[in-house]
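To start, the structure under review is shown below, and the notes come after it.
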Amino acid sequence: MPPTVKDAFIPGVKKNFLTRAIFFLACVVDAFFRALRFAGLKVIHRVGEFSSIPFPVVGDGKSDAQTGKGRHAHRKLDVILSHMPADVHRIVDIGSNNGFYAIGLAQRGYSVLGYEPVARFVSGANRILEWYGIQNVSFFQQGIDRENAGHLFASDVTLVLSVFHNWVRLDSWDGAIDILSGIWGNTRRAMFFELADTLDNRFIASFPTMPDMGGTTAECTAFIKEQILGRLEGARVEFIDMMPTDYINGSARHLFIVHRI
Ligand SMILES: C[S@@+](CC[C@H](N)C(=O)[O-])C[C@H]1O[C@@H](n2cnc3c(N)ncnc32)[C@H](O)[C@@H]1O
C-alpha cells in the first residue's frame with residue numbers, strides 16, 4: 001500500500017495508538033515549556049515593578065509597538081537611529097535597564113556595552129542574549145559614580161537616557177555634572193541625553209538637590225541645554241524633541257544629541 005500523509009507524520013515509526021499518544025504528549029509538553037520560557041521573559045521584562053520599558057527588541061521587534069505597549073520606547077529608538085552619526089561601531093548605554101535600547105541597537109549591527117546597577121535587570125537582559133544567541137552586547141552590573149565615571153569603556157556614542165536625575169539625588173547637582181563630564185570624556189563622537197523636567201515630573205522635582213528648571217517647557221529645555229550639557233567641554237548641543245514616555249512619572253522628556261566638536 002502506498003504511504004499516506006498519516007504515515008509521514010512520524011516517519012519510520014510503526015503507528016499504533018500508543019506511539020501516537022506518546023507523540024501527542026511530547027508535543028504538548030514541548031509547547032508548554034516553550035510558552036513558559038516566553039512568558040517568563042515577558043514577565044521579567046514587562047511587570048511594572050521590574051521595568052516600564054518594553055521587552056527588548058527580538059524577532060520582528062514590532063509586536064509591542066503594534067499593540068501600543070511601550071510604543072514610546074520604540075519611537076525613541078527610531079529617533080535615536082535616525083540621528084545616529086555615520087561610522088559608529090561601539091555604543092555604551094548608561095543605565096541600560098532591561099536592555100531594550102542596547103539590544104535594539106545591537107540588532108542593527110552596533111557593538112554595545114550596557115552599565116546597569118540593578119542585578120535583576122542585568123540577569124534578565126543576559127538571559128535574552130543567551131536565549132536569542134545575540135553576541136554583540138555585554139551588560140555590566142555597575143552603577144556609575146564619581147569614582148568610576150571617567151574609567152568606563154570608551155565609545156563612539158553614549159546613551160544617557162533618564163539617568164542623570166539618579167546622580168542628582170544620590171550625590172549632588174555638581175556631583176552629577178562631574179559624573180556626566182567623566183562619561184563624556186570617554187565618548188568620541190556623540191552622546192544622546194534625555195531628562196525629565198521639574199515642571200512635568202513631581203518625582204524629580206521633590207529631590208532637595210534638584211534645582212527648579214523653569215516655569216515653561218521651553219525654559220526647562222533651555223535650562224538643561226545651558227546648565228547641564230553646556231558645561232561639557234568640546235560639545236555642541238542639539239535639542240532633538242520632547243519624547244513622550246512609558247514611565248509613570250511625568251508625560252514627556254527632553255531628548256538631546258551632544259556632538260563632539
Ligand atoms: C528611569 S530608568 C531609564 C532606563 C533607560 N535608560 C530608559 O531610558 O528607558 C533609570 C535607569 O538607571 C539605572 N541607574 C540608577 N542609578 C544608576 C547609576 N548610578 N548608574 C547607572 N545607572 C543607574 C536604574 O537602575 C534604571 O535602570
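The chains in the C-alpha cells are called A, B, ... from first to last as shown; in each chain the residues are counted from 1, and the ligands are counted from 1 in the order shown.
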
Residues up to 8 Å from ligand 1, counting only C-alpha atoms and all ligand atoms: could you list those as a VMD selection string? chain A and resid 51 to 53 73 93 to 98 100 to 101 115 to 118 121 142 to 145 159 to 163 166 to 167 170 194 247

From a DSSP pass on the backbone, collect the residues of segment 131-169 of chain A flagged as strand (DSSP E or B) and hand them back as number ranges by chain. A: 137-140, 155-161

Filtering to C-alpha atoms, could you give me those residues as a PDB file, in the first residue's frame?
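Dumped to out22.pdb:
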ATOM      1  CA  VAL A 137      26.164  43.143  23.561  1.00  0.00           C
ATOM      2  CA  SER A 138      27.600  42.831  27.089  1.00  0.00           C
ATOM      3  CA  PHE A 139      25.978  44.053  30.268  1.00  0.00           C
ATOM      4  CA  PHE A 140      27.945  45.069  33.351  1.00  0.00           C
ATOM      5  CA  SER A 155      32.628  54.540  22.955  1.00  0.00           C
ATOM      6  CA  ASP A 156      31.788  56.287  19.702  1.00  0.00           C
ATOM      7  CA  VAL A 157      28.324  57.061  21.052  1.00  0.00           C
ATOM      8  CA  THR A 158      26.971  57.016  24.603  1.00  0.00           C
ATOM      9  CA  LEU A 159      23.338  56.866  25.713  1.00  0.00           C
ATOM     10  CA  VAL A 160      22.474  58.643  28.963  1.00  0.00           C
ATOM     11  CA  LEU A 161      18.698  58.304  28.906  1.00  0.00           C
TER      12      LEU A 161
END

Taking only C-alpha atoms into account, name the residue in A:Arg127, A:His165, A:His254, A:Arg202 that is nearest to Ile240 of chain A.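 Of A:Arg127, A:His165, A:His254, A:Arg202, the one nearest Ile240 of chain A is A:His254, counting only C-alpha atoms.
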
So, counting only C-alpha atoms, which residue among A:Ser251, A:Ser206, A:Asn201, A:Thr187 is closest to Gly150 of chain A? A:Thr187

Have a look at A:Leu18, A:Met243, A:Val92, A:Ile261 and name the one nearest to Leu113 of chain A; count only C-alpha atoms.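 Of the candidates, the smallest distance to Leu113 of chain A is held by A:Val92.
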
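Nearest-residue note for Arg260 of chain A: choosing from A:Met213, A:Pro85, A:Ile134, A:Gln227, the minimum distance belongs to A:Pro85, counting only C-alpha atoms.
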
Contact residues around Gly214 of chain A with only C-alpha atoms at 9 Å, ignoring same-chain residues under 4 positions, as a ChimeraX atom specification: /A:197-199,218-223

May I have the selected residues written with N, CA and C atoms, as a short mmCIF file (atom, residue, chain, number, x, y, z; two decimals), in the first residue's frame?
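The resulting file, part-v3.cif, is shown below:
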data_model
loop_
_atom_site.label_atom_id
_atom_site.label_comp_id
_atom_site.auth_asym_id
_atom_site.auth_seq_id
_atom_site.Cartn_x
_atom_site.Cartn_y
_atom_site.Cartn_z
N ASP A 197 11.79 67.01 33.32
CA ASP A 197 11.97 68.32 33.94
C ASP A 197 11.13 68.47 35.20
N THR A 198 11.49 69.47 36.00
CA THR A 198 10.84 69.64 37.31
C THR A 198 9.42 70.20 37.19
N LEU A 199 9.07 70.72 36.01
CA LEU A 199 7.71 71.23 35.80
C LEU A 199 6.73 70.07 35.63
N ALA A 218 9.67 75.17 27.48
CA ALA A 218 10.78 75.76 26.72
C ALA A 218 11.88 76.24 27.67
N GLU A 219 11.50 76.81 28.80
CA GLU A 219 12.52 77.25 29.78
C GLU A 219 13.29 76.05 30.31
N CYS A 220 12.57 74.94 30.53
CA CYS A 220 13.24 73.73 31.03
C CYS A 220 14.22 73.19 29.99
N THR A 221 13.83 73.21 28.72
CA THR A 221 14.74 72.76 27.65
C THR A 221 16.01 73.62 27.69
N ALA A 222 15.81 74.94 27.79
CA ALA A 222 16.96 75.85 27.81
C ALA A 222 17.83 75.60 29.04
N PHE A 223 17.18 75.32 30.17
CA PHE A 223 17.93 75.06 31.41
C PHE A 223 18.83 73.83 31.24
#

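Counting from atom CA of Ala196 of chain A, the distance to atom CA of Asp174 of chain A is 17.8 Å.
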